[in-house]
file my_file-v7.txt (compact mmCIF, C-alpha atoms and all ligand atoms)
# COMPACT_ATOMS: atom_id res chain seq x y z
CA MET F 1046 139.78 84.89 21.41
CA GLU F 1047 142.56 84.44 23.99
CA ASP F 1048 141.41 83.53 27.52
CA ARG F 1049 143.12 86.64 28.89
CA ASP F 1050 141.20 88.97 26.57
CA LEU F 1051 137.86 87.24 27.11
CA LEU F 1052 138.34 87.39 30.88
CA ARG F 1053 139.10 91.11 30.75
CA GLU F 1054 136.04 91.85 28.63
CA LEU F 1055 133.83 89.75 30.90
CA GLU F 1056 134.97 91.49 34.08
CA PRO F 1057 132.14 94.09 34.35
CA THR F 1058 129.58 91.29 33.85
CA GLY F 1059 131.37 89.14 36.44
CA GLU F 1060 131.13 92.01 38.94
CA ARG F 1061 127.43 92.48 38.24
CA LEU F 1062 126.72 88.75 38.53
CA LEU F 1063 128.69 88.42 41.78
CA ALA F 1064 126.78 91.39 43.28
CA ARG F 1065 123.49 89.76 42.20
CA HIS F 1066 124.60 86.45 43.71
CA LEU F 1067 125.54 88.01 47.05
CA ALA F 1068 122.23 89.89 47.18
CA THR F 1069 120.23 86.71 46.40
CA ALA F 1070 122.05 83.98 48.34
CA LYS F 1071 120.58 83.37 51.78
CA GLU F 1072 122.63 82.47 54.84
CA TRP F 1073 121.90 78.96 56.14
CA PHE F 1074 123.38 76.56 58.65
CA PRO F 1075 124.02 72.89 57.88
CA HIS F 1076 123.47 71.73 61.49
CA GLU F 1077 119.92 73.11 61.49
CA TYR F 1078 118.89 70.68 58.73
CA VAL F 1079 120.15 67.49 60.36
CA PRO F 1080 117.70 65.29 62.36
CA TRP F 1081 120.15 64.71 65.22
CA SER F 1082 117.63 62.86 67.41
CA ARG F 1083 117.79 59.90 65.00
CA GLY F 1084 121.50 59.35 65.67
CA ARG F 1085 123.20 56.82 67.91
CA ASP F 1086 126.74 55.62 68.63
CA PHE F 1087 128.58 53.45 66.13
CA ASP F 1088 129.87 50.03 67.03
CA PRO F 1089 132.90 49.48 64.75
CA ASP F 1090 132.00 45.79 64.35
CA GLU F 1091 128.45 46.48 63.18
CA ALA F 1092 128.34 46.00 59.40
CA PHE F 1093 126.08 48.13 57.22
CA ASP F 1094 122.88 46.29 56.39
CA ALA F 1095 121.46 47.53 53.06
CA ASP F 1096 118.25 45.57 53.66
CA ALA F 1097 117.58 47.52 56.84
CA SER F 1098 117.67 50.84 54.94
CA PRO F 1099 114.37 51.96 53.40
CA ILE F 1100 116.22 53.80 50.62
CA PRO F 1101 116.22 52.25 47.10
CA ALA F 1102 119.67 51.18 45.84
CA GLY F 1103 119.66 53.77 43.02
CA VAL F 1104 119.00 56.60 45.47
CA ARG F 1105 121.80 55.32 47.68
CA SER F 1106 124.09 55.37 44.64
CA ALA F 1107 123.00 58.95 43.92
CA LEU F 1108 123.77 60.03 47.49
CA LEU F 1109 127.22 58.45 47.31
CA VAL F 1110 128.12 59.95 43.92
CA ASN F 1111 126.63 63.37 44.77
CA LEU F 1112 128.52 63.56 48.04
CA LEU F 1113 131.83 62.36 46.58
CA THR F 1114 131.53 65.08 43.94
CA GLU F 1115 131.05 67.70 46.66
CA ASP F 1116 134.04 66.21 48.53
CA ASN F 1117 136.28 66.75 45.51
CA LEU F 1118 136.02 70.51 46.01
CA PRO F 1119 139.78 71.21 46.47
CA HIS F 1120 140.44 69.98 42.94
CA TYR F 1121 137.57 71.99 41.44
CA TYR F 1122 138.86 75.08 43.23
CA ALA F 1123 142.33 74.54 41.75
CA THR F 1124 140.95 74.07 38.22
CA ILE F 1125 138.87 77.23 38.43
CA VAL F 1126 141.87 79.23 39.70
CA SER F 1127 143.87 77.92 36.73
CA HIS F 1128 141.35 79.53 34.36
CA PHE F 1129 140.25 82.61 36.32
CA GLY F 1130 143.38 83.44 38.35
CA PRO F 1131 143.27 84.47 42.02
CA GLU F 1132 142.76 88.20 41.43
CA SER F 1133 139.81 90.59 41.01
CA VAL F 1134 136.18 89.57 40.84
CA TRP F 1135 137.09 86.09 39.59
CA GLY F 1136 139.13 85.22 42.67
CA GLU F 1137 136.41 86.66 44.89
CA TRP F 1138 133.73 84.59 43.16
CA ASN F 1139 135.78 81.39 43.32
CA ARG F 1140 136.49 81.74 47.04
CA ARG F 1141 132.85 82.52 47.83
CA TRP F 1142 131.70 79.59 45.66
CA THR F 1143 134.15 77.29 47.48
CA ALA F 1144 132.79 78.36 50.86
CA GLU F 1145 129.23 77.66 49.71
CA GLU F 1146 130.11 74.28 48.20
CA GLY F 1147 131.78 73.28 51.47
CA ARG F 1148 128.41 73.48 53.20
CA HIS F 1149 127.02 70.89 50.81
CA SER F 1150 129.32 68.09 51.84
CA ILE F 1151 128.92 69.04 55.52
CA VAL F 1152 125.12 68.86 55.50
CA ILE F 1153 124.80 65.77 53.27
CA ARG F 1154 127.41 63.80 55.26
CA ASP F 1155 125.87 64.76 58.61
CA TYR F 1156 122.43 63.70 57.36
CA LEU F 1157 123.75 60.36 56.09
CA THR F 1158 125.71 59.73 59.29
CA VAL F 1159 122.77 60.39 61.57
CA THR F 1160 120.28 58.40 59.51
CA ARG F 1161 122.80 55.63 58.57
CA SER F 1162 121.39 55.72 55.05
CA ILE F 1163 124.50 54.42 53.33
CA ASP F 1164 127.57 52.36 54.17
CA LEU F 1165 129.69 55.00 55.88
CA ARG F 1166 132.90 52.96 55.80
CA ALA F 1167 132.53 52.46 52.03
CA LEU F 1168 131.80 56.19 51.69
CA GLU F 1169 134.95 57.19 53.59
CA ARG F 1170 137.11 54.74 51.63
CA ALA F 1171 135.69 56.12 48.38
CA ARG F 1172 136.32 59.70 49.53
CA MET F 1173 139.93 58.90 50.38
CA LYS F 1174 140.45 57.23 47.02
CA GLN F 1175 138.78 59.98 45.02
CA VAL F 1176 140.41 62.97 46.70
CA SER F 1177 143.80 61.22 46.62
CA THR F 1178 143.32 60.62 42.89
CA GLY F 1179 142.74 64.35 42.47
CA VAL F 1180 141.29 64.28 39.00
CA VAL F 1181 138.45 66.54 37.84
CA PRO F 1182 137.38 67.56 34.32
CA GLN F 1183 139.95 69.90 32.76
CA PRO F 1184 138.23 72.02 30.09
CA PRO F 1185 140.84 73.20 27.56
CA SER F 1186 140.00 76.92 27.65
CA LEU F 1187 138.15 79.55 29.66
CA ALA F 1188 135.27 79.37 27.17
CA ASP F 1189 135.03 75.59 27.62
CA GLY F 1190 135.32 75.94 31.38
CA ILE F 1191 132.41 78.33 31.85
CA VAL F 1192 130.19 76.31 29.48
CA TYR F 1193 131.02 73.11 31.38
CA VAL F 1194 130.28 74.51 34.83
CA ALA F 1195 127.05 76.18 33.64
CA LEU F 1196 125.81 72.75 32.52
CA GLN F 1197 127.26 70.86 35.46
CA GLU F 1198 125.79 73.10 38.18
CA LEU F 1199 122.35 72.66 36.63
CA ALA F 1200 122.82 68.89 36.31
CA THR F 1201 123.85 68.79 39.97
CA ARG F 1202 120.83 70.83 41.01
CA ILE F 1203 118.50 68.41 39.21
CA ALA F 1204 120.23 65.32 40.62
CA HIS F 1205 120.13 66.67 44.20
CA ARG F 1206 116.49 67.71 43.90
CA ASN F 1207 115.38 64.35 42.49
CA THR F 1208 117.41 62.48 45.09
CA GLY F 1209 115.68 64.48 47.83
CA LYS F 1210 112.22 63.64 46.48
CA LEU F 1211 113.03 59.92 46.29
CA LEU F 1212 114.34 59.77 49.88
CA ASP F 1213 110.77 59.71 51.16
CA ASP F 1214 111.93 61.57 54.27
CA PRO F 1215 110.96 65.23 54.86
CA ALA F 1216 114.27 65.94 56.64
CA GLY F 1217 116.29 64.42 53.78
CA GLU F 1218 114.25 66.24 51.19
CA ALA F 1219 114.83 69.55 53.01
CA VAL F 1220 118.61 68.91 53.00
CA MET F 1221 118.73 68.13 49.30
CA SER F 1222 116.38 71.00 48.33
CA ARG F 1223 118.52 73.46 50.26
CA VAL F 1224 121.66 72.29 48.47
CA ALA F 1225 119.86 72.28 45.10
CA ALA F 1226 118.83 75.92 45.64
CA ASP F 1227 122.52 76.86 46.02
CA GLU F 1228 123.44 74.91 42.87
CA ASN F 1229 120.79 76.86 41.00
CA LEU F 1230 122.38 80.18 41.94
CA HIS F 1231 125.77 78.84 40.84
CA HIS F 1232 124.24 77.71 37.57
CA ILE F 1233 122.70 81.10 36.78
CA PHE F 1234 126.00 82.89 37.50
CA TYR F 1235 127.76 80.80 34.85
CA ARG F 1236 124.79 80.63 32.50
CA ASP F 1237 124.62 84.43 32.32
CA LEU F 1238 128.40 84.71 32.04
CA VAL F 1239 128.27 82.44 28.98
CA ALA F 1240 125.42 84.55 27.53
CA GLU F 1241 127.63 87.64 27.78
CA ALA F 1242 130.63 85.78 26.33
CA LEU F 1243 128.43 84.82 23.36
CA GLU F 1244 127.98 88.54 22.69
CA ILE F 1245 131.73 89.16 22.88
CA ASP F 1246 133.01 86.15 20.91
CA PRO F 1247 130.10 84.21 19.37
CA SER F 1248 132.22 81.96 17.15
CA GLY F 1249 134.66 80.97 19.91
CA MET F 1250 131.81 80.31 22.33
CA VAL F 1251 129.77 78.21 19.89
CA ALA F 1252 132.84 76.03 19.29
CA ALA F 1253 133.19 75.62 23.08
CA ILE F 1254 129.48 74.79 23.48
CA ASP F 1255 129.78 72.17 20.75
CA ARG F 1256 132.79 70.53 22.45
CA GLN F 1257 131.37 70.64 25.96
CA VAL F 1258 127.87 69.44 25.09
CA ARG F 1259 129.21 66.48 23.10
CA ASP F 1260 131.80 65.61 25.78
CA PHE F 1261 129.60 66.26 28.78
CA ALA F 1262 129.84 63.73 31.58
CA MET F 1263 129.10 64.04 35.23
CA PRO F 1264 132.25 63.90 37.36
CA ARG F 1265 133.27 60.27 37.69
CA VAL F 1266 137.03 59.84 37.75
CA GLY F 1267 138.17 58.18 40.95
CA ILE F 1268 134.67 57.10 42.03
CA PRO F 1269 134.78 53.34 42.59
CA ASP F 1270 132.20 51.37 40.51
CA PHE F 1271 130.99 54.56 38.82
CA SER F 1272 129.32 52.78 35.86
CA LYS F 1273 127.29 50.57 38.17
CA HIS F 1274 126.17 53.61 40.18
CA ALA F 1275 125.36 55.63 37.02
CA ARG F 1276 123.09 52.83 35.76
CA ALA F 1277 121.30 52.64 39.11
CA ILE F 1278 120.95 56.45 39.21
CA ALA F 1279 119.37 56.51 35.73
CA GLU F 1280 117.14 53.53 36.49
CA CYS F 1281 115.61 55.13 39.60
CA GLY F 1282 114.97 58.42 37.79
CA VAL F 1283 117.46 60.69 39.58
CA TYR F 1284 119.34 61.59 36.41
CA ASP F 1285 119.12 60.16 32.91
CA PHE F 1286 119.38 61.15 29.25
CA ALA F 1287 115.81 62.48 29.23
CA ALA F 1288 116.56 64.85 32.13
CA HIS F 1289 119.80 65.83 30.44
CA HIS F 1290 118.06 66.67 27.18
CA ASP F 1291 114.79 68.15 28.43
CA ARG F 1292 115.95 70.01 31.53
CA ILE F 1293 119.51 71.01 30.68
CA LEU F 1294 120.37 71.11 27.02
CA VAL F 1295 117.12 72.49 25.59
CA PRO F 1296 116.46 75.15 28.27
CA VAL F 1297 120.07 76.33 28.40
CA VAL F 1298 121.55 75.86 24.91
CA PHE F 1299 118.43 76.89 22.98
CA ASN F 1300 116.19 78.95 25.29
CA GLN F 1301 118.93 80.85 27.10
CA TRP F 1302 121.95 80.89 24.80
CA ARG F 1303 119.83 80.74 21.61
CA ILE F 1304 122.58 79.16 19.60
CA ASP F 1305 120.17 78.39 16.77
CA GLN F 1306 119.58 82.13 16.26
CA LEU F 1307 123.12 83.52 16.37
CA GLN F 1308 124.16 85.56 13.34
CA ASN F 1309 127.48 86.06 11.55
CA LEU F 1310 129.33 83.00 12.78
CA LYS F 1311 132.66 82.10 11.19
CA ALA F 1312 132.59 79.00 8.95
CA ALA F 1313 134.07 76.65 11.58
CA ALA F 1314 131.59 77.89 14.20
CA GLU F 1315 128.72 77.40 11.77
CA GLN F 1316 129.79 73.75 11.40
CA ALA F 1317 130.12 73.41 15.17
CA ARG F 1318 126.58 74.76 15.59
CA GLU F 1319 125.16 72.25 13.09
CA ARG F 1320 127.07 69.42 14.75
CA VAL F 1321 125.87 70.23 18.27
CA ILE F 1322 122.24 70.72 17.19
CA LYS F 1323 122.31 67.31 15.48
CA TYR F 1324 123.87 65.79 18.58
CA ILE F 1325 121.10 67.19 20.81
CA GLU F 1326 118.45 65.84 18.40
CA ARG F 1327 120.04 62.38 18.46
CA LEU F 1328 120.21 62.47 22.25
CA ASP F 1329 116.48 63.21 22.33
CA VAL F 1330 115.74 60.13 20.21
CA LEU F 1331 117.94 57.98 22.44
CA ALA F 1332 116.40 59.42 25.62
CA LYS F 1333 112.84 58.71 24.43
CA ARG F 1334 113.82 55.15 23.51
CA MET F 1335 115.31 54.58 26.97
CA VAL F 1336 112.26 56.01 28.73
CA ALA F 1337 109.99 53.73 26.67
CA SER F 1338 112.09 50.67 27.40
CA ARG F 1339 112.15 51.46 31.14
CA ALA F 1340 108.36 51.87 31.11
CA ARG F 1341 108.01 48.43 29.45
CA ARG F 1342 110.33 46.82 32.01
CA THR F 1343 108.58 48.34 35.01
CA ALA F 1344 104.97 48.02 33.76
CA PRO F 1345 102.89 45.68 35.90
CA ALA F 1346 102.17 42.34 34.17
CA VAL F 1347 98.57 42.07 32.95
FE FE F 1401 127.48 71.59 45.61
FE FE F 1402 127.41 74.35 42.95
call {"tool": "encode", "arguments": {"input": "my_file-v7.txt", "output": "structure tokens", "more": "lines below"}}
Ligand SMILES: [Fe+2]
Ligand SMILES: [Fe+2]
result
Amino acid sequence: MEDRDLLRELEPTGERLLARHLATAKEWFPHEYVPWSRGRDFDPDEAFDADASPIPAGVRSALLVNLLTEDNLPHYYATIVSHFGPESVWGEWNRRWTAEEGRHSIVIRDYLTVTRSIDLRALERARMKQVSTGVVPQPPSLADGIVYVALQELATRIAHRNTGKLLDDPAGEAVMSRVAADENLHHIFYRDLVAEALEIDPSGMVAAIDRQVRDFAMPRVGIPDFSKHARAIAECGVYDFAAHHDRILVPVVFNQWRIDQLQNLKAAAEQARERVIKYIERLDVLAKRMVASRARRTAPAV
């Protein structure tokens, strides 16, 4: 189905989901979550001392990558406009979503600045580099786009929530939980939009789910040393293959979108369904192997 036609058919659902979002989302203020009394002036010659920070390196990597992703908002906004257009409910949703996402970088950066939890010069240099690079995932169609963001908002919610727990600081955990709660509302908007699109064009949507699940990667382009940070993030338990399989793919692709139960798919979509189900099974095997190997590495010597 053409993007234009799918968008038109989805419009009543988009209106219903936006109304639900506006009724559910709570107003909150970034400055009320920041422990300002822990702040002090910065001496430009004082270098960041990682050893003085109580935060594990993997959690620091997660904070950096999470925040840089929030900072890349202008480019996400532009990509969403390119699929949805600026008009009607879609434009309204995108602008509201942008305003909400803006709060995330404000509150996380203020928290990190006051607590000096990461190297703020390195963070600012990375932000400049990433936003100047201006690259974000570019799903090839509207169907691909809504599948990708449904998965990505949930992945972001899980990463923020786990990061908050590992901070071992009630103020930091409150910041990350608050942001994660927003990401959850964004996720359910897109998750339910995809569910409706599956009713309208099941074959086209299954093909998009297959592509996006197999290609899925957290935003990374333009983030310096991304691979090193991704390994540290997986190692400390913020986000790994097991979380991706157990908390994203199974609950969303099977329990919500029920792709294993769809009827009357065209031949190509039937093949796409088989391919993506096999991929998710293989990912599960790999995830379990990685969890077991991590447990062996971190087990205390007897
Ligand atoms: Fe966000
Ligand atoms: Fe979000």
call {"tool": "residues_near_ligand", "arguments": {"input": "my_file-v7.txt", "ligand": "ligand FE 1401 (chain F)", "cutoff": "6 Å", "atoms": "all atoms listed in the file", "output": "list in words"}}
result
Glu1115, Glu1146, His1149 and Glu1228 of chain F
call {"tool": "residues_around", "arguments": {"input": "my_file-v7.txt", "residues": "F:Asp1050", "least_positions_apart": "4", "cutoff": "12 Å", "atoms": "all atoms listed in the file", "output": "JSON, numbers by chain"}}
result
{"F": [1046, 1054, 1055, 1056, 1129, 1187, 1188, 1242, 1245, 1246]}
call {"tool": "closest_residue", "arguments": {"input": "my_file-v7.txt", "among": "F:Ser1150, F:Ser1186, F:Ser1248, F:Ser1082", "to": "ligand FE 1402 (chain F)", "atoms": "all atoms listed in the file"}}
result
F:Ser1150
call {"tool": "residues_near_ligand", "arguments": {"input": "my_file-v7.txt", "ligand": "ligand FE 1402 (chain F)", "cutoff": "10 Å", "atoms": "all atoms listed in the file", "output": "list in words"}}
result
Glu1115, Leu1118, Trp1142, Thr1143, Glu1145, Glu1146, Gly1147, His1149, Val1194, Ala1195, Gln1197, Glu1198, Leu1199, Ala1200, Thr1201, Arg1202, Val1224, Ala1225, Ala1226, Asp1227, Glu1228, Asn1229, Leu1230, His1231 and His1232 of chain F
call {"tool": "atom_distance", "arguments": {"input": "my_file-v7.txt", "atom1": "atom CA of F:Val1192", "atom2": "atom CA of F:Ile1278"}}
result
24.0 Å
call {"tool": "closest_residue", "arguments": {"input": "my_file-v7.txt", "among": "F:Ser1106, F:Arg1085, F:Ala1092, F:Val1181", "to": "F:Val1159", "atoms": "all atoms listed in the file"}}
result
F:Arg1085
call {"tool": "closest_residue", "arguments": {"input": "my_file-v7.txt", "among": "F:Val1134, F:Val1283, F:Leu1108, F:Val1251", "to": "F:Ala1064", "atoms": "only C-alpha atoms"}}
result
F:Val1134
